[in-house]
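Q: Quick one: the structure is below, questions incoming.
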Amino acid sequence: MPLDAPLLSIEGLRVEFASEREPVRALDGVDFDIGRGEIVAVVGESGSGKSVTALSLIGLLPRAAKVTGGRAMFEGRDLLTMSAADLCATRGREIGMIFQDPMTSLNPTLTVGFQIGETLREHLGYGPAEARARALELLKLVGISEAESRLDQYPHQFSGGMRQRVMIAIGLACQPKLLIADEPTTALDVTVQAQILDLMSGLVRKLGASLLIITHNLGVVARYADRVVVMYSGRIAERGEASAVFMRPRHFYTAGLLNSAPRLDSPVQQRLDTIEGQPPDPSRRPDGCAFAPRCTHKIAACAQPRALTATDTGAQSTCVRIDDIAAGRIRWGGKSGAAPVASVVPEEPPILRIDNLVKHYALKPGWRTPARVVRAVDGVSLSIRPGETIGLVGESGCGKSTLGRMILRLDDPTSGRIEIGGRDATHAKGDDLRQLRRLFQVVFQDPYASLNPRKTIREAIAEPMRVHGIASGGRANARVAELLEQVGLRPDMADRYPHQMSGGQRQRVGIARALAMEPKLIICDEAVSALDVSIQAQVVNLLSDLKRTLNLSYLFIAHDLAVVRHIADEVLVMYLGRIVERAPRDILYARPQHPYTRMLLAAAPSPDPAREKARSHSALIGEPPSPFAPPPGCAFAPRCPLATDECRVAPPPLRETGPGHQVACLRIDA
Amino acid sequence: MTRYFLSSLGQFLITLFGVAILIFLLLRVAPGDVVEVKMRSGGAVVSEETIARERARLGLDRPMTTQFVDWMTGLARLDFGKSMWTERPVVEEISTRIGITLEVAVLALVIGLAIAVPLGVASALSNGSWLDQAVRVFSVAGLSAPPFWLGMLLLLALLLYAGWQPPITTIRWSENPWGHFSQLICPALVVGWRLSATIARMLRSSLLDVLNEDYVRTARSKGLPEKIVIVRHALGNALLPAITVAGLEFAFLLGGLVVTEQVFNLNGVGKLLVQAVGQSDFTLIQGLVLMFAFFFMVVNFAVDMLYAVLDPRLR
Amino acid sequence: MSDASTNLHLTARRTFGKTFRRFARRQPLGAAGAVLIVVFIICGLFAPWVAPYDPFDTDFMAVLEAPSRAHWFGTDSFGRDVLSRIIHGSRSALALGVTASLLGAAIGGLIGVMAAYYGGRFDMIVQRLIDMILSIPVIVLALVLAAVLGKREIGALDLNLVLAIAIPNAPRAARIIRSAALSVCRMPYIEAARTAGFTDARIILGHIAPNLSAPALVLVTAFVAQAILMESSLSFLGVGIVEPAPSWGLMLSGVAVSLFAEAPWTVIFPGLAISVTVFAFSLLGDALRDELDPKSRS
């Protein structure tokens, strides 16, 4: 075998899922290579088949799925037709694997040391002592401190990021030739994500292994991948050098995807570019280009299937119109961005005011744990004026959702005050509360869980109107139709049930339901986080449009700084129950002051290979501390490059450092 | 740790106290009492006066609250009172009979586990196959047949095909170990089958759940042979919930033996309860119900502790 | 959860025949159970026409006759036809089983939903009460209840016997429904209903309860099996249905025990009737659980 031959060569891979009716083709002919020492990223939205590709390579497809065609030649052997014994000898030994959710991917009843050593004992015949010694080395290698004592701990004693480090140790234990990472950081916070990816790609380079990253995150691809494979609906849309594909996309899907991703580095504009519509149902995928139904430049020839064809950038694309794109005759233009409009917020009394809001949870004692108090929200004040959008940003566990739930009066605050529309809502009950509720509504994160599966769309939207006497009967029906149109759905969808709609459509229904009450304020709790990039852009635009036409206020709770940047007027950054920085949007993104805000911005990857590869991540360290045992003083001090002893005494208060700019940091000069 | 233990103990006592109140009140709404049953059964003609005297002697004529306070103060001194029928201490009545019931229960648990574990595992691993269906039918059948009927069939079969009849009187272990054992084995088999059904079903479903867990996929991705994946990674975790169910079922076993003891003519606490109910022997019923509840709670507590030892997440 | 309810919902929109055929293909054992149950119900409903003899007709010339062409299942110690008594017995078994389990599930279910929705102190008290009742073995509590309550017949149904069987099962239902309701209560759509300012009654009855129909159906089916078994046990112990009413459990008690070596048919057939009925309900319950509630197979 020649040395320059690819390590893994996938040709015509087809996978089918058994279903009630005819089998569904999840992968419809996938071809790509992974060279030795190369990092290849497979990128796509949910349902594109990217994870199925990875799992089929190591024979771990779910039961219902079956490989129905193709080859995957790894070192001269076909992974797809290998005997079970050969596959076992290959998995873990020559191909390592890292999965998405570190919280569930480690066995809870075995020690971490054992789980790392197990691979070595199985494949390399190590004895228990040898395996333990090597496991210790590996733990150190993946950057776990006090490795010696952690070896005998169980997974639940590790944080999410630490567990993913353990997974990397397991994946690399036998020095495999290929490491496959399936959405390795999707479940992690952004500051941790960057550390894990840096570690993983660094180790792979050091060991001379190849890396296959499966991801939906374009920024991750830009930063780490040598080559990229863009998948859409079970097929490859485009593949090639990452820089070529990202800078000069030669498939309209690639172009659309890149344009609709919210970015931190693009000029601020109110609207994002979008790809209208949604991916096809895999059982009704067109023979020709699967993207054609959503493409703004489709022509008759798009109905014919087309093989991957070389483009002028050295990449390969299945787009029929490669030449037109290359020549610059046509460009991707979704619903293009309107001129940036800064929200003009009139000086009116705030619609929502919260004052020093606190939520402490008392946890009961367990077997070996004493009773504890979790300070989920620890003194937060903010106000929102009519027509204003406040972005509330923070990593998981920072208390941002608890804050939202208290404002919604789903949780009772421990202390503090909530004022809605000028009235005290902190302890409102019964009819009082019911009347107040007309003023504020909510859009939740999970589009699948936020609609009652037993009610039609019409019932979901009309019921609040009936209950509050806003409209009933024919009037309500007319209003439902109107609202559906307003959120970009067809009125005839009113009689569908939620399961008959896609995630993006359901999220629109959720918005229509909130609007039915004619509220002044909508609390969006991670309202677009669960959506694919192209759908996310549609919903963000919808929210912006509604805000303008209806003069709505939003409290936009999110973990994604780039999304918030596209919708918020003012941004609040939260860390472990407290606001650490607040500033008008443009100021915050241009001149962040709190070290945590800076860390967040530094960690967020953007889909620009040149820029990403030049960026240093050295400032990113640590993980958010456990809310059970927050550090004394500034909660961020343990991770802060600027921290001094003074910081560890008492939590610093918010101080004004500029017009509308407040920072809770002792080390920042006013 | 101590705090957790104390709060568990507190809950334990509150529950037991609640059961005591519950059963006391329940029995006091019953029409008739032990005196009626004792003196008027068989249509004997007894004067009201005699009955009233007998009631007074047993303290049944006092106000309900007095009776309750008396009983509770007795309980606090671990005095469960006297049987209203035999007038022997309740503790004595129970303690002479609890042994045989416990022996059957433990034997049944052993039999149940011996059947359940292989069946549950086999059925989960062959999910959907004929073997799985067969195990399912076997388990459901075990839960469907009335235990007393199964007992009768078993006795009938032994009589017809082996000409063997279990001894009618109680044989002590010290007198004749084999005879003693032969007395236990039939009821234990009947109850054990029932028990195995519940445990096997639980084990099957928890193993199926665990096989879908991400960490089992991780184990496979390490290239471990399927046998190790199942035994080390899947079964280890699947047994935890099965232990809870086995414990719960064991705790219920004493109750389950009420009917079975009747068929096999075993002189255990189950039979004693049926007797006591037939005789409206209030103090004895109260004592027995408290004992059942106490046993249940103790087993439950033990299972919790075992769980905490086995599951590192609870350590 | 969403999968399960989606399934149920889909099936509700198809025709019954289609739904059943699909169910039978996926759950052959459960479908067999359902067919058996229908047969038993028909037998019970049309007992006077189906049964060859009057179940109360004693014939002292034909006492303890072995199964024959005239008496398929033989006769008992009063010369009554065993088959006819079994057919008539299915009436009381099914009526009692279904009412007791519906009652137990309804009481327990309502308490369970309220405990899950209101939480806090109310939930705590309910939990403690459930703990208390559950710590007494079902058969023990049912035995004491049946003895204490005595008989109160409404029509042919002994209401107190129904209560004696329903009450010990109610806390079980409460616990199961409570845990199912807890997961529904945490769903964002319930929180959205709360933020829409709906009343508690509307949320519990209109939004939470419909999403519990799957676990409730599974629960009731399993309870019917338990209740029939319980009735036979109580009748066997002499605190359930009493002579001369035709009851399966009763047919196995009293003289039958002492005579079963001589006349095994008086024991085998009634016991078989109980077993097969309970078996049918259990199979159906199991299958429903697998279909509707794949997450909670325990």
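If you're wondering about the labels, chains in the structure tokens are A, B, ... by order shown, residues count from 1 in each chain, ligands from 1 in order shown.
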Check region 283-455 of chain A with DSSP on the backbone and list each residue it calls strand (DSSP E), as an MDAnalysis selection string.

A: chainID A and resid 309:310 316:317 352:363 372:384 389:393 415:420 423:424 440:443

Q: Neighbouring residues of region 137-146 of chain A were defined as those with any atom within 8 Å, considering only C-alpha atoms; residues of the same chain fewer than 4 positions away were excluded. Please report them as a compact mmCIF listing (two decimals) with all heavy atoms, in the first residue's frame.

A:
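The result, stored in result.txt:
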# COMPACT_ATOMS: atom_id res chain seq x y z
N ALA A 133 -0.98 2.38 35.12
CA ALA A 133 0.09 3.36 34.94
C ALA A 133 -0.11 4.17 33.66
O ALA A 133 0.03 5.39 33.62
CB ALA A 133 1.44 2.64 34.91
N ARG A 150 -7.66 11.07 40.87
CA ARG A 150 -8.88 11.03 40.05
C ARG A 150 -9.06 9.68 39.36
O ARG A 150 -10.15 9.35 38.92
CB ARG A 150 -8.84 12.15 39.01
CG ARG A 150 -8.69 13.52 39.61
CD ARG A 150 -9.60 14.51 39.00
NE ARG A 150 -10.71 14.82 39.88
CZ ARG A 150 -11.83 15.45 39.49
NH1 ARG A 150 -11.96 15.82 38.25
NH2 ARG A 150 -12.79 15.69 40.33
N LEU A 151 -7.97 8.93 39.28
CA LEU A 151 -8.03 7.64 38.60
C LEU A 151 -9.08 6.72 39.20
O LEU A 151 -9.74 5.96 38.51
CB LEU A 151 -6.63 6.99 38.72
CG LEU A 151 -6.10 6.14 37.60
CD1 LEU A 151 -6.25 6.82 36.26
CD2 LEU A 151 -4.63 5.83 37.86
N MET A 162 -14.55 17.69 31.88
CA MET A 162 -13.57 16.70 32.34
C MET A 162 -13.92 15.31 31.80
O MET A 162 -13.04 14.54 31.43
CB MET A 162 -13.56 16.66 33.87
CG MET A 162 -12.94 17.89 34.50
SD MET A 162 -11.18 17.97 34.12
CE MET A 162 -10.88 19.71 34.32
N ARG A 165 -12.78 14.99 28.42
CA ARG A 165 -11.33 14.74 28.40
C ARG A 165 -11.05 13.26 28.63
O ARG A 165 -10.18 12.67 27.99
CB ARG A 165 -10.63 15.57 29.47
CG ARG A 165 -10.57 17.05 29.14
CD ARG A 165 -10.00 17.85 30.30
NE ARG A 165 -10.19 19.27 30.09
CZ ARG A 165 -9.27 20.10 29.57
NH1 ARG A 165 -8.09 19.62 29.25
NH2 ARG A 165 -9.53 21.36 29.40
N VAL A 166 -11.80 12.66 29.56
CA VAL A 166 -11.64 11.23 29.80
C VAL A 166 -11.97 10.43 28.54
O VAL A 166 -11.27 9.49 28.17
CB VAL A 166 -12.53 10.77 30.98
CG1 VAL A 166 -12.51 9.26 31.11
CG2 VAL A 166 -12.07 11.43 32.27
N ILE A 168 -11.63 11.42 25.55
CA ILE A 168 -10.50 11.57 24.62
C ILE A 168 -9.38 10.62 25.02
O ILE A 168 -8.76 9.96 24.18
CB ILE A 168 -10.01 13.03 24.61
CG1 ILE A 168 -11.10 13.94 24.01
CG2 ILE A 168 -8.72 13.16 23.81
CD1 ILE A 168 -10.76 15.42 24.07
N ALA A 169 -9.13 10.51 26.33
CA ALA A 169 -8.10 9.59 26.81
C ALA A 169 -8.42 8.17 26.37
O ALA A 169 -7.55 7.42 25.94
CB ALA A 169 -7.97 9.68 28.32
N ALA A 173 -6.25 5.97 23.74
CA ALA A 173 -5.44 5.09 24.60
C ALA A 173 -4.50 4.20 23.80
O ALA A 173 -3.32 4.08 24.11
CB ALA A 173 -6.35 4.25 25.50
N LEU A 199 -7.50 20.65 22.63
CA LEU A 199 -6.82 19.49 23.18
C LEU A 199 -6.86 18.33 22.18
O LEU A 199 -5.84 17.70 21.88
CB LEU A 199 -7.50 19.07 24.49
CG LEU A 199 -7.01 17.76 25.08
CD1 LEU A 199 -5.63 17.94 25.69
CD2 LEU A 199 -7.99 17.23 26.12

Q: Any idea which chain B residues end up within 7 Å of chain A if we count only C-alpha atoms, as a PyMOL selection string please?

A: chain B and resi 1+4+214-215+218+221-225+233+237+311-315

Q: Can I get the selection written as a PDB file, in the first residue's frame, with N, CA and C atoms?

A:
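File written: selection.pdb
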ATOM      1  N   MET B   1     -24.656  12.270  56.628  1.00  0.00           N
ATOM      2  CA  MET B   1     -24.878  10.830  56.756  1.00  0.00           C
ATOM      3  C   MET B   1     -25.763  10.536  57.963  1.00  0.00           C
ATOM      4  N   TYR B   4     -29.057  12.105  57.451  1.00  0.00           N
ATOM      5  CA  TYR B   4     -29.882  11.345  56.522  1.00  0.00           C
ATOM      6  C   TYR B   4     -30.494  10.141  57.231  1.00  0.00           C
ATOM      7  N   ASP B 214     -25.738   5.257  26.206  1.00  0.00           N
ATOM      8  CA  ASP B 214     -24.559   5.689  25.475  1.00  0.00           C
ATOM      9  C   ASP B 214     -23.299   4.958  25.923  1.00  0.00           C
ATOM     10  N   TYR B 215     -23.217   4.653  27.226  1.00  0.00           N
ATOM     11  CA  TYR B 215     -21.952   4.061  27.682  1.00  0.00           C
ATOM     12  C   TYR B 215     -21.782   2.631  27.193  1.00  0.00           C
ATOM     13  N   THR B 218     -20.262   3.224  23.980  1.00  0.00           N
ATOM     14  CA  THR B 218     -18.845   3.524  24.208  1.00  0.00           C
ATOM     15  C   THR B 218     -18.053   2.231  24.379  1.00  0.00           C
ATOM     16  N   SER B 221     -17.536   0.676  21.194  1.00  0.00           N
ATOM     17  CA  SER B 221     -16.601   1.427  20.354  1.00  0.00           C
ATOM     18  C   SER B 221     -15.154   1.199  20.786  1.00  0.00           C
ATOM     19  N   LYS B 222     -14.982   0.682  22.013  1.00  0.00           N
ATOM     20  CA  LYS B 222     -13.628   0.364  22.461  1.00  0.00           C
ATOM     21  C   LYS B 222     -13.149  -0.949  21.872  1.00  0.00           C
ATOM     22  N   GLY B 223     -14.044  -1.660  21.191  1.00  0.00           N
ATOM     23  CA  GLY B 223     -13.663  -2.943  20.614  1.00  0.00           C
ATOM     24  C   GLY B 223     -13.706  -4.076  21.610  1.00  0.00           C
ATOM     25  N   LEU B 224     -14.484  -3.916  22.692  1.00  0.00           N
ATOM     26  CA  LEU B 224     -14.605  -5.020  23.648  1.00  0.00           C
ATOM     27  C   LEU B 224     -15.495  -6.099  23.044  1.00  0.00           C
ATOM     28  N   PRO B 225     -15.193  -7.368  23.330  1.00  0.00           N
ATOM     29  CA  PRO B 225     -16.073  -8.437  22.841  1.00  0.00           C
ATOM     30  C   PRO B 225     -17.472  -8.277  23.448  1.00  0.00           C
ATOM     31  N   HIS B 233     -20.503  -4.120  31.417  1.00  0.00           N
ATOM     32  CA  HIS B 233     -21.051  -2.768  31.289  1.00  0.00           C
ATOM     33  C   HIS B 233     -22.571  -2.714  31.386  1.00  0.00           C
ATOM     34  N   ASN B 237     -25.081  -2.536  35.517  1.00  0.00           N
ATOM     35  CA  ASN B 237     -25.996  -1.417  35.747  1.00  0.00           C
ATOM     36  C   ASN B 237     -27.453  -1.857  35.769  1.00  0.00           C
ATOM     37  N   ASP B 311     -24.234   1.480  44.176  1.00  0.00           N
ATOM     38  CA  ASP B 311     -24.209   2.529  43.169  1.00  0.00           C
ATOM     39  C   ASP B 311     -23.279   3.660  43.602  1.00  0.00           C
ATOM     40  N   PRO B 312     -22.141   3.796  42.902  1.00  0.00           N
ATOM     41  CA  PRO B 312     -21.166   4.812  43.334  1.00  0.00           C
ATOM     42  C   PRO B 312     -21.743   6.230  43.330  1.00  0.00           C
ATOM     43  N   ARG B 313     -22.783   6.456  42.535  1.00  0.00           N
ATOM     44  CA  ARG B 313     -23.347   7.802  42.488  1.00  0.00           C
ATOM     45  C   ARG B 313     -23.979   8.196  43.809  1.00  0.00           C
ATOM     46  N   LEU B 314     -24.365   7.190  44.601  1.00  0.00           N
ATOM     47  CA  LEU B 314     -25.024   7.494  45.878  1.00  0.00           C
ATOM     48  C   LEU B 314     -24.048   7.488  47.037  1.00  0.00           C
ATOM     49  N   ARG B 315     -22.806   7.099  46.750  1.00  0.00           N
ATOM     50  CA  ARG B 315     -21.850   7.022  47.849  1.00  0.00           C
ATOM     51  C   ARG B 315     -21.461   8.392  48.357  1.00  0.00           C
TER      52      ARG B 315
END

Q: Can you work out which residues from chain B touch chain C at a cut-off of 6 Å (counting only C-alpha atoms) and hand them back as a PyMOL selection string?

A: chain B and resi 15+19+30+144-145+149+202+205+252+255+293+296

Q: Deliver the residues from the most recent selection as a file, using N, CA and C atoms, as a PDB file, in the first residue's frame.

A:
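The resulting file, part07.pdb, is reproduced below:
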ATOM      1  N   THR B  15     -44.400   6.631  59.645  1.00  0.00           N
ATOM      2  CA  THR B  15     -45.188   5.722  58.822  1.00  0.00           C
ATOM      3  C   THR B  15     -45.785   4.603  59.670  1.00  0.00           C
ATOM      4  N   VAL B  19     -49.684   3.684  60.256  1.00  0.00           N
ATOM      5  CA  VAL B  19     -50.282   2.372  60.002  1.00  0.00           C
ATOM      6  C   VAL B  19     -51.059   1.927  61.237  1.00  0.00           C
ATOM      7  N   ALA B  30     -65.777  -2.033  62.290  1.00  0.00           N
ATOM      8  CA  ALA B  30     -66.326  -3.338  61.938  1.00  0.00           C
ATOM      9  C   ALA B  30     -67.552  -3.655  62.785  1.00  0.00           C
ATOM     10  N   SER B 144     -50.374 -14.963  36.615  1.00  0.00           N
ATOM     11  CA  SER B 144     -51.806 -15.053  36.367  1.00  0.00           C
ATOM     12  C   SER B 144     -52.488 -16.147  37.176  1.00  0.00           C
ATOM     13  N   ALA B 145     -51.768 -17.247  37.402  1.00  0.00           N
ATOM     14  CA  ALA B 145     -52.406 -18.361  38.090  1.00  0.00           C
ATOM     15  C   ALA B 145     -52.553 -18.022  39.563  1.00  0.00           C
ATOM     16  N   TRP B 149     -54.461 -22.071  43.801  1.00  0.00           N
ATOM     17  CA  TRP B 149     -54.811 -23.088  42.802  1.00  0.00           C
ATOM     18  C   TRP B 149     -53.558 -23.846  42.359  1.00  0.00           C
ATOM     19  N   MET B 202     -38.672  -7.169  35.261  1.00  0.00           N
ATOM     20  CA  MET B 202     -37.937  -5.948  35.588  1.00  0.00           C
ATOM     21  C   MET B 202     -36.519  -6.000  35.023  1.00  0.00           C
ATOM     22  N   SER B 205     -36.514  -5.480  31.279  1.00  0.00           N
ATOM     23  CA  SER B 205     -36.708  -4.124  30.788  1.00  0.00           C
ATOM     24  C   SER B 205     -35.535  -3.228  31.186  1.00  0.00           C
ATOM     25  N   PHE B 252     -43.097  -7.890  50.150  1.00  0.00           N
ATOM     26  CA  PHE B 252     -44.521  -8.204  50.021  1.00  0.00           C
ATOM     27  C   PHE B 252     -44.797  -9.692  50.245  1.00  0.00           C
ATOM     28  N   GLY B 255     -47.028 -11.161  52.902  1.00  0.00           N
ATOM     29  CA  GLY B 255     -48.437 -11.023  52.580  1.00  0.00           C
ATOM     30  C   GLY B 255     -48.861 -12.068  51.564  1.00  0.00           C
ATOM     31  N   ALA B 293     -46.167  -4.447  58.198  1.00  0.00           N
ATOM     32  CA  ALA B 293     -45.687  -3.122  57.796  1.00  0.00           C
ATOM     33  C   ALA B 293     -44.238  -2.923  58.214  1.00  0.00           C
ATOM     34  N   PHE B 296     -41.959  -4.894  56.026  1.00  0.00           N
ATOM     35  CA  PHE B 296     -41.870  -4.234  54.714  1.00  0.00           C
ATOM     36  C   PHE B 296     -40.891  -3.063  54.761  1.00  0.00           C
TER      37      PHE B 296
END

Q: So which residues of region 290-439 of chain A fall under alpha helix (DSSP H) by DSSP, listed as a list in words?

A: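 Everything in region 290-439 of chain A that counts as alpha helix (DSSP H) is Ile322, Asp323, Asp324, Ile325, Ala326, Lys400, Ser401, Thr402, Leu403, Gly404, Arg405, Met406, Ile407, Gly430, Asp431, Asp432, Leu433, Arg434, Gln435, Leu436 and Arg437 of chain A.
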
Q: Please find the residues of chain A near chain C - the criterion being any atom within 6 Å, counting only C-alpha atoms - and write them as an MDAnalysis selection string.

A: chainID A and resid 434 437 449:452 464

Q: As an exercise, work out the distance from CA of Phe292 (chain B) to CA of Leu272 (chain B) in Å and give it to one decimal place.

A: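 Atom-to-atom, CA of Phe292 (chain B) to CA of Leu272 (chain B), that is 12.4 Å.
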
Q: Can you pull out every residue within 8 Å of region 528-543 of chain A, counting only C-alpha atoms, but drop anything in the same chain fewer than 6 positions away, and send it as number ranges by chain?

A: A: 45-46, 256-257, 260-262, 270-276, 278, 445-447, 487, 503-504, 507-508, 558, 560, 563, 566-567

Q: Restricting it to C-alpha atoms, dump the selection as a PDB file, in the first residue's frame.

A:
ATOM      1  CA  GLU A  45     -27.752  20.141   9.832  1.00  0.00           C
ATOM      2  CA  SER A  46     -29.808  17.587  11.742  1.00  0.00           C
ATOM      3  CA  GLY A 256     -26.696  29.703   2.153  1.00  0.00           C
ATOM      4  CA  LEU A 257     -25.566  27.917   5.272  1.00  0.00           C
ATOM      5  CA  SER A 260     -27.373  32.371   7.600  1.00  0.00           C
ATOM      6  CA  ALA A 261     -25.021  31.661  10.491  1.00  0.00           C
ATOM      7  CA  PRO A 262     -25.041  34.572  12.907  1.00  0.00           C
ATOM      8  CA  GLN A 270     -30.900  43.512  11.951  1.00  0.00           C
ATOM      9  CA  ARG A 271     -31.779  40.698   9.604  1.00  0.00           C
ATOM     10  CA  LEU A 272     -29.887  37.525   8.895  1.00  0.00           C
ATOM     11  CA  ASP A 273     -29.790  35.957   5.478  1.00  0.00           C
ATOM     12  CA  THR A 274     -31.963  32.873   5.473  1.00  0.00           C
ATOM     13  CA  ILE A 275     -32.622  29.744   3.499  1.00  0.00           C
ATOM     14  CA  GLU A 276     -36.378  29.517   3.207  1.00  0.00           C
ATOM     15  CA  GLN A 278     -36.825  23.137   5.309  1.00  0.00           C
ATOM     16  CA  GLN A 445     -36.370  26.252  23.800  1.00  0.00           C
ATOM     17  CA  ASP A 446     -37.594  22.822  22.824  1.00  0.00           C
ATOM     18  CA  PRO A 447     -40.051  23.057  19.939  1.00  0.00           C
ATOM     19  CA  VAL A 487     -45.479  34.067  11.982  1.00  0.00           C
ATOM     20  CA  GLY A 503     -39.172  21.946  14.580  1.00  0.00           C
ATOM     21  CA  GLY A 504     -39.010  25.377  13.020  1.00  0.00           C
ATOM     22  CA  GLN A 507     -41.365  27.208  17.146  1.00  0.00           C
ATOM     23  CA  ARG A 508     -43.384  29.595  14.977  1.00  0.00           C
ATOM     24  CA  ALA A 558     -29.378  32.584  25.195  1.00  0.00           C
ATOM     25  CA  ASP A 560     -24.939  32.021  21.930  1.00  0.00           C
ATOM     26  CA  VAL A 563     -27.358  35.173  18.016  1.00  0.00           C
ATOM     27  CA  HIS A 566     -28.338  40.063  16.021  1.00  0.00           C
ATOM     28  CA  ILE A 567     -31.376  40.836  18.099  1.00  0.00           C
TER      29      ILE A 567
END

Q: Quick check, in Å to one decimal: how far apart do CA of Pro286 (chain A) and CA of Ile325 (chain A) lie?

A: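 Computed distance, CA of Pro286 (chain A) to CA of Ile325 (chain A), equals 22.4 Å.
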
Q: List as a PyMOL selection string the protein and nucleic acid residues near Gly44 (chain C), meaning an atom at most 9 Å away when only C-alpha atoms are counted, but skip any in the same chain fewer than 6 places from it.

A: chain C and resi 50+87-92+94

Q: Would you put the residues from that selection into a file with N, CA, C and O atoms, as a CSV table (one decimal), in the first residue's frame?

A:
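Here's the written file result-v6.csv:
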chain,number,residue,atom,x,y,z
C,50,VAL,N,-75.5,-19.0,26.8
C,50,VAL,CA,-74.3,-19.8,26.5
C,50,VAL,C,-74.2,-21.0,27.4
C,50,VAL,O,-73.9,-22.1,26.9
C,87,ILE,N,-69.2,-20.2,33.5
C,87,ILE,CA,-69.6,-19.2,32.6
C,87,ILE,C,-70.4,-18.1,33.3
C,87,ILE,O,-70.1,-16.9,33.1
C,88,HIS,N,-71.2,-18.5,34.3
C,88,HIS,CA,-71.9,-17.5,35.0
C,88,HIS,C,-70.9,-16.7,36.0
C,88,HIS,O,-71.1,-15.5,36.2
C,89,GLY,N,-69.9,-17.5,36.4
C,89,GLY,CA,-68.9,-16.8,37.3
C,89,GLY,C,-68.1,-15.7,36.6
C,89,GLY,O,-67.7,-14.8,37.2
C,90,SER,N,-68.0,-15.8,35.3
C,90,SER,CA,-67.3,-14.8,34.6
C,90,SER,C,-67.9,-13.4,34.7
C,90,SER,O,-67.3,-12.4,34.7
C,91,ARG,N,-69.3,-13.4,34.9
C,91,ARG,CA,-70.0,-12.2,35.1
C,91,ARG,C,-69.4,-11.4,36.3
C,91,ARG,O,-69.0,-10.3,36.3
C,92,SER,N,-69.5,-12.1,37.5
C,92,SER,CA,-69.1,-11.5,38.7
C,92,SER,C,-67.6,-11.1,38.6
C,92,SER,O,-67.2,-10.0,39.1
C,94,LEU,N,-65.7,-10.4,36.0
C,94,LEU,CA,-65.4,-9.3,35.2
C,94,LEU,C,-66.0,-8.0,35.7
C,94,LEU,O,-65.3,-7.0,35.8

Q: Interatomic distance between CA of Leu211 (chain B) and CA of Val229 (chain B)?

A: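 Between CA of Leu211 (chain B) and CA of Val229 (chain B) the gap is 9.3 Å.
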